[in-house]
Structure formats: structure tokens, C-alpha cells
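For reference, upload.cif (mmCIF, C-alpha atoms):
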```
data_work
#
loop_
_atom_site.label_atom_id
_atom_site.label_comp_id
_atom_site.auth_asym_id
_atom_site.auth_seq_id
_atom_site.Cartn_x
_atom_site.Cartn_y
_atom_site.Cartn_z
CA MET A 28 264.86 151.32 -90.27
CA ALA A 29 262.19 152.04 -87.68
CA SER A 30 263.02 153.59 -84.34
CA THR A 31 262.96 151.44 -81.21
CA GLY A 32 259.64 152.82 -79.99
CA ARG A 33 257.94 152.49 -83.35
CA SER A 34 259.26 148.96 -83.84
CA MET A 35 258.12 148.00 -80.34
CA LEU A 36 254.62 149.34 -80.94
CA LEU A 37 254.34 147.74 -84.37
CA SER A 38 255.51 144.33 -83.15
CA LEU A 39 253.06 144.44 -80.23
CA LEU A 40 250.21 145.40 -82.56
CA LEU A 41 251.08 142.64 -85.04
CA PHE A 42 251.38 140.17 -82.15
CA ALA A 43 247.89 141.05 -80.92
CA VAL A 44 246.34 140.84 -84.40
CA THR A 45 248.07 137.55 -85.22
CA LEU A 46 247.11 136.04 -81.86
CA SER A 47 243.50 137.11 -82.32
CA LEU A 48 243.29 135.66 -85.82
CA LEU A 49 244.97 132.45 -84.72
CA GLU A 50 242.48 131.96 -81.91
CA MET A 51 239.54 132.84 -84.17
CA TYR A 52 240.56 130.20 -86.72
CA ARG A 53 241.79 127.64 -84.19
CA THR A 54 239.45 124.91 -85.44
CA LYS A 55 240.54 125.52 -89.04
CA PHE A 56 244.20 125.16 -88.07
CA ALA A 57 243.47 121.91 -86.24
CA SER A 58 241.41 120.43 -89.09
CA SER A 59 244.17 118.74 -91.13
CA GLU A 60 247.84 117.82 -90.96
CA LEU A 61 248.94 120.60 -93.30
CA MET A 62 246.92 123.23 -91.44
CA THR A 63 248.39 122.00 -88.15
CA ILE A 64 251.88 122.61 -89.52
CA ALA A 65 250.73 126.04 -90.72
CA GLY A 66 249.41 126.72 -87.21
CA GLY A 67 252.84 125.92 -85.80
CA PHE A 68 254.41 128.32 -88.29
CA VAL A 69 252.00 131.10 -87.33
CA CYS A 70 252.85 130.47 -83.67
CA SER A 71 256.54 130.76 -84.50
CA LEU A 72 255.76 134.15 -86.05
CA LEU A 73 254.19 135.05 -82.71
CA PHE A 74 257.51 134.05 -81.12
CA LEU A 75 259.39 136.36 -83.47
CA LEU A 76 257.03 139.28 -82.89
CA LEU A 77 257.13 138.88 -79.12
CA LEU A 78 260.92 138.55 -79.17
CA THR A 79 261.10 141.78 -81.18
CA PHE A 80 258.85 143.52 -78.67
CA ILE A 81 260.82 142.31 -75.65
CA GLY A 82 264.14 143.17 -77.30
CA ASN A 83 263.02 146.68 -78.16
CA TYR A 84 261.59 147.18 -74.68
CA GLN A 85 264.87 146.11 -73.09
CA GLU A 86 266.86 148.29 -75.47
CA ALA A 87 264.66 151.28 -74.63
CA SER A 88 265.22 150.71 -70.91
CA GLY A 89 268.99 150.40 -71.41
CA ASP A 90 269.34 146.63 -70.92
CA ARG A 91 270.74 144.02 -73.29
CA THR A 92 268.52 141.32 -74.69
CA GLY A 93 269.66 137.86 -73.65
CA TRP A 94 268.43 134.31 -73.51
CA GLY A 95 265.77 135.24 -70.95
CA ALA A 96 263.82 137.09 -73.62
CA VAL A 97 264.10 134.09 -75.94
CA VAL A 98 262.81 131.72 -73.24
CA VAL A 99 259.87 133.97 -72.35
CA ALA A 100 258.87 134.48 -75.99
CA GLN A 101 259.22 130.75 -76.68
CA LEU A 102 257.09 129.77 -73.67
CA VAL A 103 254.34 132.18 -74.71
CA ALA A 104 254.40 130.93 -78.31
CA LEU A 105 254.35 127.27 -77.23
CA THR A 106 251.46 127.93 -74.85
CA VAL A 107 249.47 129.55 -77.65
CA ALA A 108 250.37 126.66 -79.96
CA GLY A 109 249.05 124.25 -77.34
CA THR A 110 245.66 125.92 -77.49
CA VAL A 111 245.45 125.15 -81.21
CA HIS A 112 246.71 121.55 -81.42
CA ARG A 113 249.34 119.39 -79.72
CA VAL A 114 251.33 118.97 -82.93
CA CYS A 115 251.47 122.76 -83.27
CA ILE A 116 253.72 122.81 -80.20
CA THR A 117 256.35 120.70 -81.94
CA THR A 118 256.18 122.52 -85.26
CA CYS A 119 256.21 125.89 -83.48
CA PHE A 120 259.36 124.90 -81.61
CA LEU A 121 261.10 123.74 -84.80
CA PHE A 122 260.11 126.78 -86.84
CA SER A 123 261.07 129.09 -83.94
CA ALA A 124 264.51 127.48 -83.72
CA GLY A 125 265.01 128.15 -87.43
CA LEU A 126 263.82 131.73 -87.12
CA LEU A 127 266.05 132.31 -84.10
CA TYR A 128 269.06 131.00 -86.02
CA GLU A 129 268.32 133.35 -88.92
CA VAL A 130 267.75 136.34 -86.61
CA ASP A 131 271.03 135.63 -84.82
CA LYS A 132 272.87 135.36 -88.14
CA LEU A 133 271.29 138.61 -89.39
CA SER A 134 272.10 140.36 -86.13
CA GLY A 135 275.73 139.26 -86.40
CA MET A 136 275.98 140.59 -89.95
CA ILE A 137 274.51 143.96 -88.96
CA LEU A 138 276.77 144.20 -85.91
CA ALA A 139 279.85 143.41 -87.99
CA ARG A 140 278.86 146.03 -90.55
CA SER A 141 278.31 148.70 -87.89
CA GLU A 142 281.66 147.87 -86.22
CA SER A 143 283.47 148.20 -89.54
CA LYS A 144 281.90 151.63 -90.06
CA VAL A 145 283.05 152.72 -86.60
CA ARG A 146 286.61 151.55 -87.29
CA ARG A 147 286.75 153.53 -90.56
CA HIS A 148 285.83 156.84 -88.89
#
```
Let me see whether you can do it: turn the structure in this file into C-alpha cells.
Amino acid sequence: MASTGRSMLLSLLLFAVTLSLLEMYRTKFASSELMTIAGGFVCSLLFLLLLTFIGNYQEASGDRTGWGAVVVAQLVALTVAGTVHRVCITTCFLFSAGLLYEVDKLSGMILARSESKVRRH
């Protein structure tokens, strides 16, 4: 597992690259229905990368990540999706909700595993 600083840097770098590529191929993503859905999915990946960056930044500064980070990351991702196509906003929101559910479930599993290790020692 990567350290907090390395994960923060990597997620920011991937966010910048993904955002740049999305804006470069904006017309391609808006060209058909299937590509519009794909554009929404790419924007939801932006949400995940930005949420990872914000969470790692808050962890490095000693704070806990809460719903504020989710709202900020979602607003940024939806704004970017709006620059591609209007339908991308809806698909981005739906894909982001699914990703957030999976991240929360994964986080709960990891937390439960780490708590069981602490109890054993």
C-alpha cells in the first residue's frame, strides 16, 4: 500500500492527466449516446481521484475525511461533466454514487480488519 503522500501525489497527477485527456477529446465524448455515457464514467473516475486526493490531504493534516470532501469532489466532477455534455452530468452522478458505495464498503472492510488485528495484540 502506498504512503499517504505518495498516494496524494499519484491521485493528483492522474486527476490532471485524466482531466486533460477528457477536455482534449470532449467532442468525441459528446458525439454519440454511448460515448456520452463513457464521458460520464470518466468524470466519475475524476470524482474518485479527487476524493482520494482530498482524503489523503486531510489525513496528512490530521483531520478526518467527511461528507464535505465528497460534496467538493462531486461538484468538481459534475462541473467537468457539464463541459462535455449535459447527459454526462447525470451519468457522472450515477456512476459516482456507485463508486462511493463501493469505496465506503471497502473502507469498512479494511477498518474492521485493522480493528480485529488490534484486538488480537
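With only C-alpha atoms as the basis for measurement, A:Ile81 is the residue among A:Arg146, A:Thr106, A:Leu73, A:Ile81 that approaches Gly93 (chain A) most closely.
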Applied to this file, what does the PyMOL selection byres ((chain A and resi 53) around 10) return in terms of residues, put as a short mmCIF file (atom, residue, chain, number, x, y, z; two decimals) with C-alpha atoms, in the frame of the given file?
```cif
data_model
loop_
_atom_site.label_atom_id
_atom_site.label_comp_id
_atom_site.auth_asym_id
_atom_site.auth_seq_id
_atom_site.Cartn_x
_atom_site.Cartn_y
_atom_site.Cartn_z
CA SER A 47 243.50 137.11 -82.32
CA LEU A 48 243.29 135.66 -85.82
CA LEU A 49 244.97 132.45 -84.72
CA GLU A 50 242.48 131.96 -81.91
CA MET A 51 239.54 132.84 -84.17
CA TYR A 52 240.56 130.20 -86.72
CA THR A 54 239.45 124.91 -85.44
CA LYS A 55 240.54 125.52 -89.04
CA PHE A 56 244.20 125.16 -88.07
CA ALA A 57 243.47 121.91 -86.24
CA SER A 58 241.41 120.43 -89.09
CA MET A 62 246.92 123.23 -91.44
CA THR A 63 248.39 122.00 -88.15
CA GLY A 66 249.41 126.72 -87.21
CA ALA A 108 250.37 126.66 -79.96
CA THR A 110 245.66 125.92 -77.49
CA VAL A 111 245.45 125.15 -81.21
CA HIS A 112 246.71 121.55 -81.42
#
```
Top pick for closest residue to Cys115 (chain A), considering A:Leu133, A:Leu78, A:Ile64, A:Leu138 and counting all atoms listed in the file
A:Ile64
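Between CA of Leu127 (chain A) and CA of Cys70 (chain A) there is a distance of 13.3 Å.
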Quick one: residues within 9 Å of Gly82 (chain A), only C-alpha atoms counted, chain neighbours fewer than 3 positions away excluded, as a short mmCIF file (atom, residue, chain, number, x, y, z; two decimals) with C-alpha atoms, in the frame of the given file?
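Output file selection.cif is given in full below:
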```
data_model
loop_
_atom_site.label_atom_id
_atom_site.label_comp_id
_atom_site.auth_asym_id
_atom_site.auth_seq_id
_atom_site.Cartn_x
_atom_site.Cartn_y
_atom_site.Cartn_z
CA MET A 35 258.12 148.00 -80.34
CA LEU A 77 257.13 138.88 -79.12
CA LEU A 78 260.92 138.55 -79.17
CA THR A 79 261.10 141.78 -81.18
CA GLN A 85 264.87 146.11 -73.09
CA GLU A 86 266.86 148.29 -75.47
CA ALA A 87 264.66 151.28 -74.63
CA ASP A 90 269.34 146.63 -70.92
CA ARG A 91 270.74 144.02 -73.29
CA THR A 92 268.52 141.32 -74.69
CA GLY A 93 269.66 137.86 -73.65
CA ALA A 96 263.82 137.09 -73.62
#
```
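CA of Leu46 (chain A) lies 9.8 Å from CA of Leu72 (chain A).
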Could you check how far CA of Val97 (chain A) sits from CA of Gly135 (chain A), in Å to one decimal?
16.5 Å
Using all atoms listed in the file, determine which residues lie at most 8 Å from Gln101 (chain A), disregarding the query and same-chain residues fewer than 3 positions distant; provide the list as number ranges by chain.
A: 74, 97-98, 104-105, 120, 123
Shortest interatomic distance to Val103 (chain A) - which of A:Thr31, A:Ser141, A:Ser59, A:Ile116, counting only C-alpha atoms
A:Ile116
